[in-house]
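Student: Sending over a structure as structure tokens; questions will come in a sec.
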Amino acid sequence: MSGMSIILIIVAILLVLIGIVGAVVPGIAGTPISFLGLLALSFVEGIDYSTKFLVIMGVIGAIVFTLDYVVPVWGTKKFGGSKAGVRGSTIGLILGLLITLFFPVGFIVVLAGPFFGAYIGEKINKTPDKLAWRSAFGSFIGFMAGTFVKIVYGCVCIFYVVKDLVGLI
């Protein structure tokens, strides 16, 4: 095995591990990083991923990455949130992401942002407390569903990396 293959294997392993961390830690784009791990491994001698496989995994990764930002808003709507709650959830998500860029508060703020954003949006819209909290809960459920899908995608990428590395031995 060449030195370049060893470097690519190390890079691939690091990328899929960082991708899994990024599935739960805000500010790390876990899904694209996991895909880059697969892509790096595809250049290793003896590992033959088809173009079709890489395109499918890339498209699925892009969908998962996009859904991560859409699902909390969908959850807010699904649990009876109004447009004000959806806007609040979106603003809360953006603020939560921005805050994590500048302060090491991480996961809690990204969880709390859409939750309290939806609640505040509903209260501004003069929604009764019970419905406002329900809307906020929907935002939280949507966020957790998005996180779960990212973890599953990251685990699938790890599965292929491990399977193919074991096949090289």
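Labels for the structure tokens follow display order: chains A, B, ..., residues from 1 in each chain, ligands from 1.
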Counting only C-alpha atoms, what is within 10 Å of Leu111 (chain A), bar same-chain residues fewer than 4 positions away, as a PyMOL selection string?
Tutor: chain A and resi 26+72+92-93+96-97+106-107+115-116+139-141+143-144
Student: Can you write out the residues you just picked, keeping C-alpha atoms, as a PDB file, in the first residue's frame?
Tutor:
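Output below, filename result-v5.pdb:
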```pdb
ATOM      1  CA  PRO A  26     -23.624  22.898  15.970  1.00  0.00           C
ATOM      2  CA  PRO A  72     -37.625  22.475  12.800  1.00  0.00           C
ATOM      3  CA  GLY A  92     -34.253  31.572  16.705  1.00  0.00           C
ATOM      4  CA  LEU A  93     -32.362  28.956  14.690  1.00  0.00           C
ATOM      5  CA  GLY A  96     -28.629  30.207  17.793  1.00  0.00           C
ATOM      6  CA  LEU A  97     -26.245  29.341  14.961  1.00  0.00           C
ATOM      7  CA  GLY A 106     -22.899  25.037  21.447  1.00  0.00           C
ATOM      8  CA  PHE A 107     -25.708  22.562  21.377  1.00  0.00           C
ATOM      9  CA  PHE A 115     -37.751  26.484  20.678  1.00  0.00           C
ATOM     10  CA  PHE A 116     -37.885  29.941  22.264  1.00  0.00           C
ATOM     11  CA  SER A 139     -39.874  23.095  16.775  1.00  0.00           C
ATOM     12  CA  PHE A 140     -37.857  21.045  19.267  1.00  0.00           C
ATOM     13  CA  ILE A 141     -39.212  17.749  17.873  1.00  0.00           C
ATOM     14  CA  PHE A 143     -34.805  19.778  15.447  1.00  0.00           C
ATOM     15  CA  MET A 144     -34.343  16.386  17.114  1.00  0.00           C
TER      16      MET A 144
END
```
Student: Within 10 Å of Val11 (chain A), counting only C-alpha atoms, which residues qualify if same-chain residues fewer than 2 places away don't, as a list in words?
Tutor: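 Once the nearby chain positions are removed, what remains is Ser5, Ile6, Ile7, Leu8, Ile9, Ile13, Leu14, Leu15, Val16, Leu17, Leu36, Gly37, Leu38, Ala40 and Leu41 of chain A.
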Student: Would you export the selected residues with N, CA, C and O atoms as a compact mmCIF listing (two decimals), in the first residue's frame, please?
Tutor:
```txt
# COMPACT_ATOMS: atom_id res chain seq x y z
N SER A 5 -2.04 6.29 -0.12
CA SER A 5 -3.23 5.54 0.30
C SER A 5 -3.39 5.58 1.81
O SER A 5 -4.50 5.73 2.32
N ILE A 6 -2.28 5.46 2.52
CA ILE A 6 -2.33 5.51 3.98
C ILE A 6 -2.82 6.88 4.45
O ILE A 6 -3.66 6.99 5.35
N ILE A 7 -2.32 7.93 3.83
CA ILE A 7 -2.76 9.29 4.18
C ILE A 7 -4.24 9.45 3.89
O ILE A 7 -5.00 9.99 4.72
N LEU A 8 -4.71 8.96 2.74
CA LEU A 8 -6.13 9.06 2.39
C LEU A 8 -7.01 8.28 3.36
O LEU A 8 -8.11 8.72 3.72
N ILE A 9 -6.53 7.12 3.81
CA ILE A 9 -7.28 6.32 4.78
C ILE A 9 -7.40 7.08 6.09
O ILE A 9 -8.48 7.16 6.69
N ILE A 13 -10.94 8.40 7.70
CA ILE A 13 -11.37 8.04 9.05
C ILE A 13 -11.64 9.30 9.88
O ILE A 13 -12.67 9.41 10.56
N LEU A 14 -10.72 10.25 9.83
CA LEU A 14 -10.91 11.50 10.58
C LEU A 14 -12.17 12.23 10.12
O LEU A 14 -12.94 12.74 10.94
N LEU A 15 -12.38 12.29 8.81
CA LEU A 15 -13.55 13.02 8.29
C LEU A 15 -14.87 12.38 8.72
O LEU A 15 -15.79 13.10 9.13
N VAL A 16 -14.98 11.05 8.65
CA VAL A 16 -16.26 10.45 9.06
C VAL A 16 -16.47 10.58 10.57
O VAL A 16 -17.62 10.72 11.02
N LEU A 17 -15.39 10.55 11.34
CA LEU A 17 -15.54 10.75 12.79
C LEU A 17 -15.94 12.19 13.11
O LEU A 17 -16.83 12.43 13.94
N LEU A 36 -17.34 13.75 2.54
CA LEU A 36 -15.96 13.95 2.12
C LEU A 36 -15.06 12.78 2.57
O LEU A 36 -14.10 12.43 1.89
N GLY A 37 -15.40 12.16 3.69
CA GLY A 37 -14.67 10.97 4.13
C GLY A 37 -14.82 9.84 3.14
O GLY A 37 -13.85 9.16 2.79
N LEU A 38 -16.04 9.62 2.67
CA LEU A 38 -16.26 8.60 1.64
C LEU A 38 -15.50 8.95 0.37
O LEU A 38 -14.89 8.08 -0.26
N ALA A 40 -12.81 10.77 0.03
CA ALA A 40 -11.37 10.57 0.22
C ALA A 40 -11.02 9.09 0.09
O ALA A 40 -10.03 8.73 -0.56
N LEU A 41 -11.85 8.24 0.67
CA LEU A 41 -11.58 6.80 0.62
C LEU A 41 -11.70 6.27 -0.81
O LEU A 41 -11.04 5.29 -1.16
```
Student: Out of region 38-88 of chain A, which residues get alpha helix (DSSP H) from DSSP, as a count of residues only?
Tutor: 38
Student: Restricting the calculation to only C-alpha atoms, which member of A:Thr100, A:Thr127, A:Ser89, A:Ser82 is positioned closest to Val70 (chain A)?
Tutor: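 Smallest distance to Val70 (chain A) is found for A:Ser89.
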Student: For Ile63 (chain A), which residue out of A:Phe79, A:Pro32, A:Ile20, A:Ala118 is the nearest one, using only C-alpha atoms?
Tutor: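 The closest residue to Ile63 (chain A) is A:Pro32.
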Student: Out of A:Ile60, A:Ile91, A:Ile124, A:Val156, which residue has the shortest atom-to-atom distance to Val110 (chain A) when counting only C-alpha atoms?
Tutor: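 Under the stated criterion, the closest residue is A:Ile91.
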Student: Please indicate the distance in Å from CA of Thr31 (chain A) to CA of Val73 (chain A), rounded to one decimal place.
Tutor: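 For CA of Thr31 (chain A) relative to CA of Val73 (chain A), the distance reads 19.5 Å.
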Student: Could you give me, as a JSON list (two decimals) with N, CA, C and O atoms, in the first residue's frame, the residues within 10 Å of Gly46 (chain A), counting only C-alpha atoms and dropping anything in the same chain fewer than 3 positions from it?
Tutor:
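Done, and the output landed in around24.json:
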```json
[["chain", "number", "residue", "atom", "x", "y", "z"],
["A", 1, "MET", "N", 0.86, -1.18, 0.00],
["A", 1, "MET", "CA", 0.00, 0.00, 0.00],
["A", 1, "MET", "C", 0.91, 1.24, 0.00],
["A", 1, "MET", "O", 1.84, 1.32, 0.77],
["A", 5, "SER", "N", -2.04, 6.29, -0.12],
["A", 5, "SER", "CA", -3.23, 5.54, 0.30],
["A", 5, "SER", "C", -3.39, 5.58, 1.81],
["A", 5, "SER", "O", -4.50, 5.73, 2.32],
["A", 41, "LEU", "N", -11.85, 8.24, 0.67],
["A", 41, "LEU", "CA", -11.58, 6.80, 0.62],
["A", 41, "LEU", "C", -11.70, 6.27, -0.81],
["A", 41, "LEU", "O", -11.04, 5.29, -1.16],
["A", 42, "SER", "N", -12.50, 6.91, -1.63],
["A", 42, "SER", "CA", -12.69, 6.43, -3.01],
["A", 42, "SER", "C", -11.41, 6.53, -3.83],
["A", 42, "SER", "O", -11.30, 5.89, -4.88],
["A", 43, "PHE", "N", -10.44, 7.31, -3.37],
["A", 43, "PHE", "CA", -9.17, 7.47, -4.09],
["A", 43, "PHE", "C", -8.09, 6.48, -3.63],
["A", 43, "PHE", "O", -6.98, 6.50, -4.13],
["A", 49, "TYR", "N", -15.43, 2.66, -5.37],
["A", 49, "TYR", "CA", -16.80, 3.17, -5.30],
["A", 49, "TYR", "C", -17.20, 3.59, -6.70],
["A", 49, "TYR", "O", -16.44, 4.26, -7.39],
["A", 164, "ASP", "N", -15.10, -1.22, 3.94],
["A", 164, "ASP", "CA", -14.13, -1.26, 2.86],
["A", 164, "ASP", "C", -12.68, -1.31, 3.37],
["A", 164, "ASP", "O", -11.82, -1.90, 2.72],
["A", 165, "LEU", "N", -12.42, -0.74, 4.52],
["A", 165, "LEU", "CA", -11.08, -0.87, 5.10],
["A", 165, "LEU", "C", -10.83, -2.29, 5.56],
["A", 165, "LEU", "O", -9.73, -2.82, 5.40],
["A", 167, "GLY", "N", -12.13, -4.85, 4.20],
["A", 167, "GLY", "CA", -11.97, -5.60, 2.96],
["A", 167, "GLY", "C", -10.57, -5.47, 2.37],
["A", 167, "GLY", "O", -10.12, -6.33, 1.60],
["A", 168, "LEU", "N", -9.86, -4.39, 2.71],
["A", 168, "LEU", "CA", -8.50, -4.20, 2.22],
["A", 168, "LEU", "C", -7.48, -5.07, 2.95],
["A", 168, "LEU", "O", -6.42, -5.37, 2.43]]
```
Student: May I ask which of the residues A:Lys123, A:Arg134, A:Lys150, A:Lys77 is the closest one to Gly61 (chain A), counting only C-alpha atoms?
Tutor: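 Closest to Gly61 (chain A) of all the choices is A:Lys150.
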Student: With only C-alpha atoms as the basis for distance, which of A:Ser50, A:Lys163, A:Val44, A:Gly117 is at the shortest distance from Met4 (chain A)?
Tutor: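 Of all the options, A:Val44 lies closest to Met4 (chain A).
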Student: Considering only C-alpha atoms, can you say which of A:Gly146, A:Gly81, A:Ala29, A:Trp74 comes closest to Lys130 (chain A)?
Tutor: A:Gly81
